[in-house]
$ cat input_5.csv   # CSV, C-alpha atoms and all ligand atoms
chain,number,residue,atom,x,y,z
X,1,MET,CA,52.8,-11.3,-11.8
X,2,ASP,CA,51.8,-7.7,-12.3
X,3,ARG,CA,55.3,-6.2,-12.8
X,4,PHE,CA,54.0,-3.6,-15.3
X,5,ALA,CA,50.9,-2.4,-13.6
X,6,ASP,CA,50.8,1.4,-14.1
X,7,ARG,CA,53.7,1.2,-16.6
X,8,VAL,CA,53.6,2.5,-20.2
X,9,VAL,CA,55.7,0.5,-22.7
X,10,LEU,CA,56.4,1.6,-26.2
X,11,LEU,CA,57.3,-1.5,-28.4
X,12,THR,CA,58.5,-1.7,-32.0
X,13,GLY,CA,58.1,-4.7,-34.3
X,14,ALA,CA,54.9,-5.8,-32.5
X,15,ALA,CA,53.1,-7.3,-35.5
X,16,SER,CA,55.0,-10.6,-35.5
X,17,GLY,CA,57.4,-13.0,-33.8
X,18,ILE,CA,59.4,-11.7,-30.8
X,19,GLY,CA,57.7,-8.3,-30.8
X,20,ARG,CA,54.2,-9.9,-30.7
X,21,ALA,CA,55.2,-12.4,-28.0
X,22,THR,CA,56.6,-9.5,-25.9
X,23,ALA,CA,53.5,-7.4,-26.3
X,24,GLU,CA,51.4,-10.3,-25.1
X,25,ARG,CA,53.7,-11.0,-22.2
X,26,LEU,CA,53.8,-7.4,-21.1
X,27,ALA,CA,50.0,-7.1,-21.5
X,28,SER,CA,49.5,-10.2,-19.3
X,29,GLU,CA,51.7,-8.4,-16.7
X,30,GLY,CA,49.6,-5.3,-16.6
X,31,ALA,CA,51.3,-2.9,-19.0
X,32,SER,CA,49.7,-0.2,-21.0
X,33,LEU,CA,51.1,-0.6,-24.5
X,34,ALA,CA,52.0,1.7,-27.4
X,35,ILE,CA,52.9,-0.7,-30.2
X,36,THR,CA,54.2,0.0,-33.7
X,37,ASP,CA,55.1,-1.8,-36.9
X,38,VAL,CA,55.1,-1.4,-40.7
X,39,ASN,CA,52.7,-4.4,-40.9
X,40,ALA,CA,49.2,-2.9,-40.2
X,41,GLU,CA,47.4,-6.2,-40.3
X,42,GLY,CA,49.7,-8.1,-37.9
X,43,LEU,CA,49.8,-5.1,-35.6
X,44,GLU,CA,46.0,-5.1,-35.3
X,45,GLU,CA,46.0,-8.8,-34.5
X,46,THR,CA,48.5,-8.2,-31.7
X,47,ALA,CA,46.5,-5.2,-30.4
X,48,ALA,CA,43.3,-7.3,-30.3
X,49,THR,CA,45.0,-10.1,-28.4
X,50,CYS,CA,46.6,-7.7,-25.9
X,51,ARG,CA,43.2,-5.9,-25.4
X,52,GLY,CA,41.8,-9.3,-24.7
X,53,LEU,CA,44.3,-9.7,-22.0
X,54,GLY,CA,43.1,-6.5,-20.4
X,55,ALA,CA,45.7,-4.0,-21.6
X,56,ALA,CA,45.1,-0.5,-22.9
X,57,VAL,CA,46.6,-0.5,-26.3
X,58,LEU,CA,47.5,2.3,-28.8
X,59,SER,CA,48.6,0.8,-32.1
X,60,MET,CA,50.4,2.9,-34.7
X,61,VAL,CA,51.6,1.9,-38.1
X,62,GLY,CA,55.1,3.3,-38.5
X,63,ASP,CA,58.6,2.8,-39.9
X,64,VAL,CA,61.4,2.9,-37.4
X,65,GLY,CA,63.8,3.9,-40.1
X,66,ASP,CA,61.9,7.1,-40.9
X,67,GLU,CA,62.7,10.0,-38.6
X,68,ASP,CA,59.4,11.8,-39.0
X,69,SER,CA,57.5,8.5,-38.4
X,70,VAL,CA,59.5,7.9,-35.2
X,71,LYS,CA,58.7,11.4,-33.9
X,72,ASP,CA,55.0,10.8,-34.6
X,73,THR,CA,55.1,7.4,-32.9
X,74,VAL,CA,56.8,8.7,-29.7
X,75,GLY,CA,54.6,11.8,-29.6
X,76,SER,CA,51.4,9.9,-30.0
X,77,ALA,CA,52.4,7.4,-27.3
X,78,VAL,CA,53.1,10.2,-24.9
X,79,SER,CA,49.9,12.1,-25.7
X,80,GLU,CA,47.8,8.9,-25.3
X,81,PHE,CA,49.3,7.7,-22.0
X,82,GLY,CA,50.9,10.8,-20.5
X,83,GLY,CA,54.5,9.5,-20.5
X,84,LEU,CA,56.7,6.5,-21.0
X,85,ASP,CA,58.3,4.0,-18.6
X,86,VAL,CA,59.9,1.5,-21.0
X,87,LEU,CA,61.0,1.4,-24.6
X,88,VAL,CA,61.5,-2.0,-26.3
X,89,ASN,CA,63.1,-2.0,-29.7
X,90,VAL,CA,62.4,-5.3,-31.5
X,91,ALA,CA,61.7,-4.3,-35.2
X,92,GLY,CA,64.3,-5.8,-37.5
X,93,ILE,CA,65.0,-7.4,-40.8
X,94,LEU,CA,67.5,-10.1,-41.9
X,95,GLN,CA,69.3,-10.9,-45.2
X,96,PHE,CA,71.7,-13.7,-46.1
X,97,LYS,CA,74.1,-12.7,-48.8
X,98,ASP,CA,77.7,-13.1,-49.8
X,99,LEU,CA,79.8,-10.0,-49.1
X,100,ARG,CA,80.7,-9.8,-52.8
X,101,THR,CA,77.2,-9.5,-53.9
X,102,THR,CA,76.0,-7.3,-51.1
X,103,THR,CA,75.0,-4.0,-52.6
X,104,LEU,CA,75.2,-0.6,-51.0
X,105,GLU,CA,71.4,-0.6,-51.1
X,106,ASP,CA,71.3,-3.9,-49.2
X,107,TRP,CA,73.7,-2.6,-46.6
X,108,GLU,CA,71.9,0.7,-46.1
X,109,ARG,CA,68.4,-1.0,-46.0
X,110,ILE,CA,69.4,-3.4,-43.2
X,111,LEU,CA,71.3,-0.8,-41.2
X,112,ARG,CA,68.5,1.7,-41.6
X,113,VAL,CA,65.9,-0.5,-39.9
X,114,ASN,CA,68.0,-2.4,-37.4
X,115,LEU,CA,70.5,0.2,-36.2
X,116,THR,CA,69.2,3.6,-37.3
X,117,GLY,CA,65.7,2.6,-36.2
X,118,THR,CA,67.0,1.7,-32.8
X,119,PHE,CA,69.0,5.0,-32.6
X,120,LEU,CA,66.0,7.1,-33.6
X,121,MET,CA,63.6,5.4,-31.2
X,122,CYS,CA,66.1,5.7,-28.3
X,123,ARG,CA,66.8,9.4,-29.1
X,124,GLU,CA,63.1,10.4,-29.3
X,125,ALA,CA,62.0,8.4,-26.3
X,126,LEU,CA,64.8,9.3,-24.0
X,127,PRO,CA,63.6,12.7,-22.7
X,128,HIS,CA,60.3,11.0,-21.7
X,129,LEU,CA,62.1,8.0,-20.1
X,130,LEU,CA,64.3,10.4,-18.1
X,131,ASP,CA,61.1,12.0,-16.6
X,132,ARG,CA,60.2,8.6,-15.1
X,133,SER,CA,63.6,6.9,-14.5
X,134,GLY,CA,62.6,4.4,-17.2
X,135,ASN,CA,64.5,1.9,-19.2
X,136,ILE,CA,65.3,0.6,-22.7
X,137,VAL,CA,65.6,-3.0,-24.0
X,138,ASN,CA,67.1,-3.3,-27.4
X,139,THR,CA,67.2,-6.4,-29.6
X,140,ALA,CA,70.7,-7.4,-30.7
X,141,SER,CA,71.5,-11.0,-31.8
X,142,THR,CA,74.1,-13.7,-31.3
X,143,ALA,CA,75.2,-12.5,-34.7
X,144,ALA,CA,76.7,-9.5,-32.9
X,145,LEU,CA,78.8,-11.8,-30.7
X,146,ALA,CA,80.3,-14.4,-33.0
X,147,GLY,CA,80.9,-14.5,-36.7
X,148,HIS,CA,77.7,-15.3,-38.5
X,149,PRO,CA,78.6,-15.8,-42.1
X,150,TRP,CA,76.7,-14.4,-45.1
X,151,THR,CA,75.0,-11.8,-42.9
X,152,VAL,CA,77.5,-8.9,-43.1
X,153,SER,CA,74.9,-6.1,-43.1
X,154,TYR,CA,72.8,-7.8,-40.5
X,155,SER,CA,75.6,-8.7,-38.2
X,156,ALA,CA,77.1,-5.3,-38.4
X,157,SER,CA,73.8,-3.7,-37.6
X,158,LYS,CA,73.4,-5.9,-34.5
X,159,GLY,CA,76.9,-5.2,-33.4
X,160,GLY,CA,75.9,-1.6,-33.6
X,161,VAL,CA,72.9,-2.2,-31.5
X,162,PHE,CA,75.0,-4.0,-28.9
X,163,ALA,CA,77.5,-1.1,-28.7
X,164,LEU,CA,74.7,1.6,-28.8
X,165,THR,CA,73.1,-0.1,-25.8
X,166,GLN,CA,76.3,-0.2,-23.7
X,167,THR,CA,76.9,3.5,-24.6
X,168,LEU,CA,73.5,4.6,-23.4
X,169,ALA,CA,73.8,2.6,-20.2
X,170,VAL,CA,76.9,4.5,-19.2
X,171,GLU,CA,75.8,7.9,-20.7
X,172,PHE,CA,72.5,8.0,-18.8
X,173,GLY,CA,73.0,5.5,-15.9
X,174,LYS,CA,73.6,8.2,-13.3
X,175,GLN,CA,70.4,9.9,-14.5
X,176,GLY,CA,68.4,6.9,-13.6
X,177,ILE,CA,68.0,5.2,-17.0
X,178,ARG,CA,68.9,1.6,-17.6
X,179,CYS,CA,69.6,0.3,-21.1
X,180,ASN,CA,70.1,-3.4,-21.8
X,181,SER,CA,69.8,-5.7,-24.8
X,182,VAL,CA,68.8,-9.3,-25.6
X,183,ALA,CA,70.8,-11.4,-28.0
X,184,PRO,CA,68.5,-14.1,-29.4
X,185,GLY,CA,70.0,-17.2,-31.0
X,186,SER,CA,67.9,-19.1,-33.5
X,187,ILE,CA,64.2,-18.4,-32.6
X,188,LEU,CA,61.3,-19.8,-34.6
X,189,THR,CA,59.6,-16.7,-36.1
X,190,PRO,CA,58.8,-15.6,-39.6
X,191,ILE,CA,62.1,-13.8,-40.0
X,192,GLN,CA,63.6,-17.2,-40.6
X,193,GLN,CA,62.1,-17.1,-44.1
X,194,ALA,CA,65.1,-15.0,-45.0
X,195,PHE,CA,67.3,-18.0,-44.0
X,196,ASP,CA,68.5,-18.6,-47.6
X,197,LEU,CA,72.2,-19.4,-47.8
X,198,PRO,CA,74.0,-18.3,-51.0
X,199,GLU,CA,74.9,-21.1,-53.5
X,200,GLY,CA,78.0,-23.1,-52.4
X,201,ALA,CA,77.8,-21.8,-48.8
X,202,ASP,CA,79.0,-24.3,-46.2
X,203,ALA,CA,76.0,-24.5,-43.9
X,204,LYS,CA,78.1,-26.0,-41.1
X,205,LEU,CA,79.6,-22.5,-40.7
X,206,VAL,CA,76.2,-21.2,-39.8
X,207,TYR,CA,75.1,-24.2,-37.8
X,208,ARG,CA,78.3,-24.2,-35.7
X,209,ILE,CA,76.8,-21.3,-33.6
X,210,MET,CA,73.6,-23.2,-33.2
X,211,ALA,CA,74.9,-26.7,-32.6
X,212,LEU,CA,73.4,-27.2,-29.2
X,213,ASP,CA,70.6,-24.8,-29.7
X,214,GLN,CA,67.2,-26.5,-29.7
X,215,GLN,CA,65.1,-24.1,-31.6
X,216,ARG,CA,62.5,-22.4,-29.4
X,217,GLY,CA,59.7,-20.0,-29.9
X,218,PRO,CA,59.6,-16.2,-29.4
X,219,GLU,CA,58.1,-16.4,-25.9
X,220,THR,CA,61.6,-17.4,-24.7
X,221,VAL,CA,62.9,-14.0,-25.7
X,222,ALA,CA,59.7,-12.2,-24.5
X,223,SER,CA,60.3,-13.4,-21.0
X,224,ALA,CA,63.9,-12.2,-21.0
X,225,ILE,CA,62.8,-8.8,-22.3
X,226,ALA,CA,60.1,-8.6,-19.6
X,227,PHE,CA,62.8,-9.4,-16.9
X,228,LEU,CA,65.2,-6.7,-18.2
X,229,ALA,CA,62.4,-4.1,-18.5
X,230,SER,CA,61.0,-4.9,-15.0
X,231,ASP,CA,62.1,-3.8,-11.5
X,232,ASP,CA,63.5,-7.3,-11.1
X,233,ALA,CA,66.4,-6.1,-13.1
X,234,ALA,CA,66.8,-2.9,-11.2
X,235,HIS,CA,70.5,-3.3,-10.8
X,236,VAL,CA,71.1,-4.6,-14.4
X,237,ASN,CA,72.4,-2.0,-16.7
X,238,GLY,CA,74.4,-2.3,-20.0
X,239,THR,CA,74.1,-6.1,-20.2
X,240,CYS,CA,73.4,-8.2,-23.2
X,241,LEU,CA,71.4,-11.2,-22.2
X,242,LYS,CA,71.8,-14.1,-24.6
X,243,VAL,CA,68.7,-16.2,-25.2
X,244,ASP,CA,70.2,-18.9,-27.4
X,245,GLY,CA,70.1,-22.2,-25.5
X,246,GLY,CA,73.7,-21.8,-24.4
X,247,THR,CA,75.5,-22.0,-27.7
X,248,LEU,CA,78.1,-19.9,-29.2
X,249,ALA,CA,81.4,-20.8,-30.8
B,301,LIG,N1,64.2,-15.0,-34.9
B,301,LIG,C1,65.5,-15.1,-34.7
B,301,LIG,O1,66.1,-16.2,-34.8
B,301,LIG,C2,66.3,-13.9,-34.2
B,301,LIG,C3,67.6,-14.1,-33.8
B,301,LIG,C4,68.3,-13.0,-33.4
B,301,LIG,C5,67.7,-11.7,-33.4
B,301,LIG,N2,66.5,-11.6,-33.8
B,301,LIG,C6,65.9,-10.2,-33.8
B,301,LIG,O2,64.7,-10.2,-33.2
B,301,LIG,C7,63.9,-9.1,-33.7
B,301,LIG,C8,62.5,-9.6,-34.1
B,301,LIG,O3,62.6,-10.6,-35.1
B,301,LIG,P1,61.6,-11.8,-35.2
B,301,LIG,O4,62.4,-13.0,-35.2
B,301,LIG,O5,60.4,-11.6,-34.3
B,301,LIG,O6,61.1,-11.5,-36.7
B,301,LIG,P2,59.7,-11.1,-37.4
B,301,LIG,O7,60.0,-10.9,-38.8
B,301,LIG,O8,58.7,-12.1,-36.9
B,301,LIG,O9,59.4,-9.7,-36.7
B,301,LIG,C9,60.1,-8.5,-37.1
B,301,LIG,C10,59.0,-7.4,-37.1
B,301,LIG,O10,59.7,-6.2,-37.4
B,301,LIG,C11,58.8,-5.4,-38.3
B,301,LIG,N3,59.5,-4.4,-39.1
B,301,LIG,C12,60.4,-4.7,-40.1
B,301,LIG,N4,60.8,-3.5,-40.6
B,301,LIG,C13,60.3,-2.5,-39.8
B,301,LIG,C14,60.3,-1.1,-39.8
B,301,LIG,N5,61.1,-0.5,-40.8
B,301,LIG,N6,59.6,-0.4,-38.9
B,301,LIG,C15,58.8,-1.1,-38.0
B,301,LIG,N7,58.7,-2.4,-38.0
B,301,LIG,C16,59.4,-3.1,-38.9
B,301,LIG,C17,58.2,-6.5,-39.1
B,301,LIG,O11,57.0,-6.1,-39.8
B,301,LIG,C18,57.9,-7.6,-38.1
B,301,LIG,O12,56.7,-7.5,-37.5
B,301,LIG,C19,64.7,-8.6,-34.9
B,301,LIG,O13,65.3,-7.4,-34.6
B,301,LIG,C20,65.6,-9.7,-35.2
B,301,LIG,O14,66.8,-9.3,-35.9
B,301,LIG,C21,65.7,-12.6,-34.2

$ encode --input "input_5.csv" --output "structure tokens"
Amino acid sequence: MDRFADRVVLLTGAASGIGRATAERLASEGASLAITDVNAEGLEETAATCRGLGAAVLSMVGDVGDEDSVKDTVGSAVSEFGGLDVLVNVAGILQFKDLRTTTLEDWERILRVNLTGTFLMCREALPHLLDRSGNIVNTASTAALAGHPWTVSYSASKGGVFALTQTLAVEFGKQGIRCNSVAPGSILTPIQQAFDLPEGADAKLVYRIMALDQQRGPETVASAIAFLASDDAAHVNGTCLKVDGGTLA
């Protein structure tokens, strides 16, 4: 498949997990890639793999929660490739904590990356996507769709991503822009190192939303993102595609 031949994709969170798998999937389908992450080392590994797959790659260390950094990232991508066809927001962080011990700093840190980062990237990329009738794929979570205990900041941030996505789908749909999200369930990536339940927490309340979910790798989400970003999804706008093995209480 060559669904992304002649397409320029800007992708965040590309140093690891789902972002890396998505970069590799899109590279293997012909995309030119502008990739970004705070993790310089992981980003270079992804860039090298994607170049090995034949892709033109611009890698940029950057923080999606920092407005100036986002402006630089989008500006550099457009200067390098002459425009943008697709924005994929994958960068994210997770924290397990009881509401009562969740500090304002915890809350603001998680929302800053997951929600504000998605907002900033969408806002800065949108004028360029409008030029090419492009599309956006954001990364929500099943945590946005059902109660996921001890993740109040994370779940709220992902609920925000879900709503932001639907909003943009309606706001810009008639101008030729599609905006969709994926909602991964439990995917085997490094983010699961944050899976540290508070003392006394009833793990069954977490596992209830994964009960039938055989844990799978990030390539399962990458293929869903590639579908939504491609012309195969030309009539798909404002949807949230769960990639969770079919579970959700
Ligand atoms: N793995 C899962 O089970 C799961 C489930 C639901 C949703 N998600 C979501 O999928 C996305 C990818 O997660 P993953 O599982 O691949 O985890 P991961 O930790 O492997 O990847 C996250 C990437 O985001 C990058 N990142 C973090 N903060 C950043 C910032 N401020 N600016 C730029 N990059 C930043 C990290 O360096 C890392 O490379 C996240 O948004 C996560 O919330 C994951």

$ residues_near_ligand --input "input_5.csv" --ligand "ligand LIG 301 (chain B)" --cutoff "7 Å" --atoms "only C-alpha atoms and all ligand atoms" --output "JSON, numbers by chain"
{"X": [12, 13, 14, 15, 16, 17, 18, 19, 36, 37, 38, 39, 62, 63, 64, 65, 90, 91, 92, 93, 94, 113, 114, 139, 140, 141, 142, 183, 184, 185, 186, 187, 188, 189, 190, 191, 192, 218]}

$ closest_residue --input "input_5.csv" --among "X:Asp98, X:Glu24, X:Glu67, X:Asp131" --to "Phe119 (chain X)" --atoms "only C-alpha atoms"
X:Glu67

$ atom_distance --input "input_5.csv" --atom1 "CA of Ser32 (chain X)" --atom2 "CA of Val8 (chain X)"
4.8 Å

$ atom_distance --input "input_5.csv" --atom1 "CA of Asp106 (chain X)" --atom2 "CA of Leu120 (chain X)"
19.8 Å

$ closest_residue --input "input_5.csv" --among "X:Thr165, X:Asn89, X:Ser133, X:Ser181" --to "Ala234 (chain X)" --atoms "all atoms listed in the file"
X:Ser133

$ residues_around --input "input_5.csv" --residues "Val74 (chain X)" --least-positions-apart "2" --cutoff "9 Å" --atoms "only C-alpha atoms" --output "PyMOL selection string"
chain X and resi 10+34+69-72+76-79+84+121+124-125

$ closest_residue --input "input_5.csv" --among "X:His128, X:Lys174, X:Lys97, X:Arg208" --to "Tyr154 (chain X)" --atoms "only C-alpha atoms"
X:Lys97

$ atom_distance --input "input_5.csv" --atom1 "CA of Leu205 (chain X)" --atom2 "CA of Ala146 (chain X)"
11.2 Å

$ residues_around --input "input_5.csv" --residues "Asn237 (chain X)" --least-positions-apart "6" --cutoff "7 Å" --atoms "only C-alpha atoms" --output "PyMOL selection string"
chain X and resi 169+178-180

$ closest_residue --input "input_5.csv" --among "X:Asn138, X:Thr73, X:Thr116, X:Ser153" --to "Leu104 (chain X)" --atoms "only C-alpha atoms"
X:Ser153

$ closest_residue --input "input_5.csv" --among "X:Val86, X:Pro127, X:Thr46, X:Leu145" --to "Ala21 (chain X)" --atoms "all atoms listed in the file"
X:Thr46

$ closest_residue --input "input_5.csv" --among "X:Val161, X:Leu43, X:Val170, X:Arg123" --to "Ser59 (chain X)" --atoms "all atoms listed in the file"
X:Leu43

$ residues_near_point --input "input_5.csv" --point "(76.8, -5.1, -49.0)" --cutoff "12 Å" --atoms "only C-alpha atoms" --output "list in words"
Gln95, Phe96, Lys97, Asp98, Leu99, Arg100, Thr101, Thr102, Thr103, Leu104, Glu105, Asp106, Trp107, Glu108, Arg109, Ile110, Leu111, Trp150, Thr151, Val152, Ser153, Tyr154, Ser155, Ala156 and Ser157 of chain X

$ write_last_selection --input "input_5.csv" --atoms "C-alpha atoms" --output "compact mmCIF listing (two decimals), in the frame of the given file"
# COMPACT_ATOMS: atom_id res chain seq x y z
CA GLN X 95 69.30 -10.90 -45.20
CA PHE X 96 71.70 -13.70 -46.10
CA LYS X 97 74.10 -12.70 -48.80
CA ASP X 98 77.70 -13.10 -49.80
CA LEU X 99 79.80 -10.00 -49.10
CA ARG X 100 80.70 -9.80 -52.80
CA THR X 101 77.20 -9.50 -53.90
CA THR X 102 76.00 -7.30 -51.10
CA THR X 103 75.00 -4.00 -52.60
CA LEU X 104 75.20 -0.60 -51.00
CA GLU X 105 71.40 -0.60 -51.10
CA ASP X 106 71.30 -3.90 -49.20
CA TRP X 107 73.70 -2.60 -46.60
CA GLU X 108 71.90 0.70 -46.10
CA ARG X 109 68.40 -1.00 -46.00
CA ILE X 110 69.40 -3.40 -43.20
CA LEU X 111 71.30 -0.80 -41.20
CA TRP X 150 76.70 -14.40 -45.10
CA THR X 151 75.00 -11.80 -42.90
CA VAL X 152 77.50 -8.90 -43.10
CA SER X 153 74.90 -6.10 -43.10
CA TYR X 154 72.80 -7.80 -40.50
CA SER X 155 75.60 -8.70 -38.20
CA ALA X 156 77.10 -5.30 -38.40
CA SER X 157 73.80 -3.70 -37.60
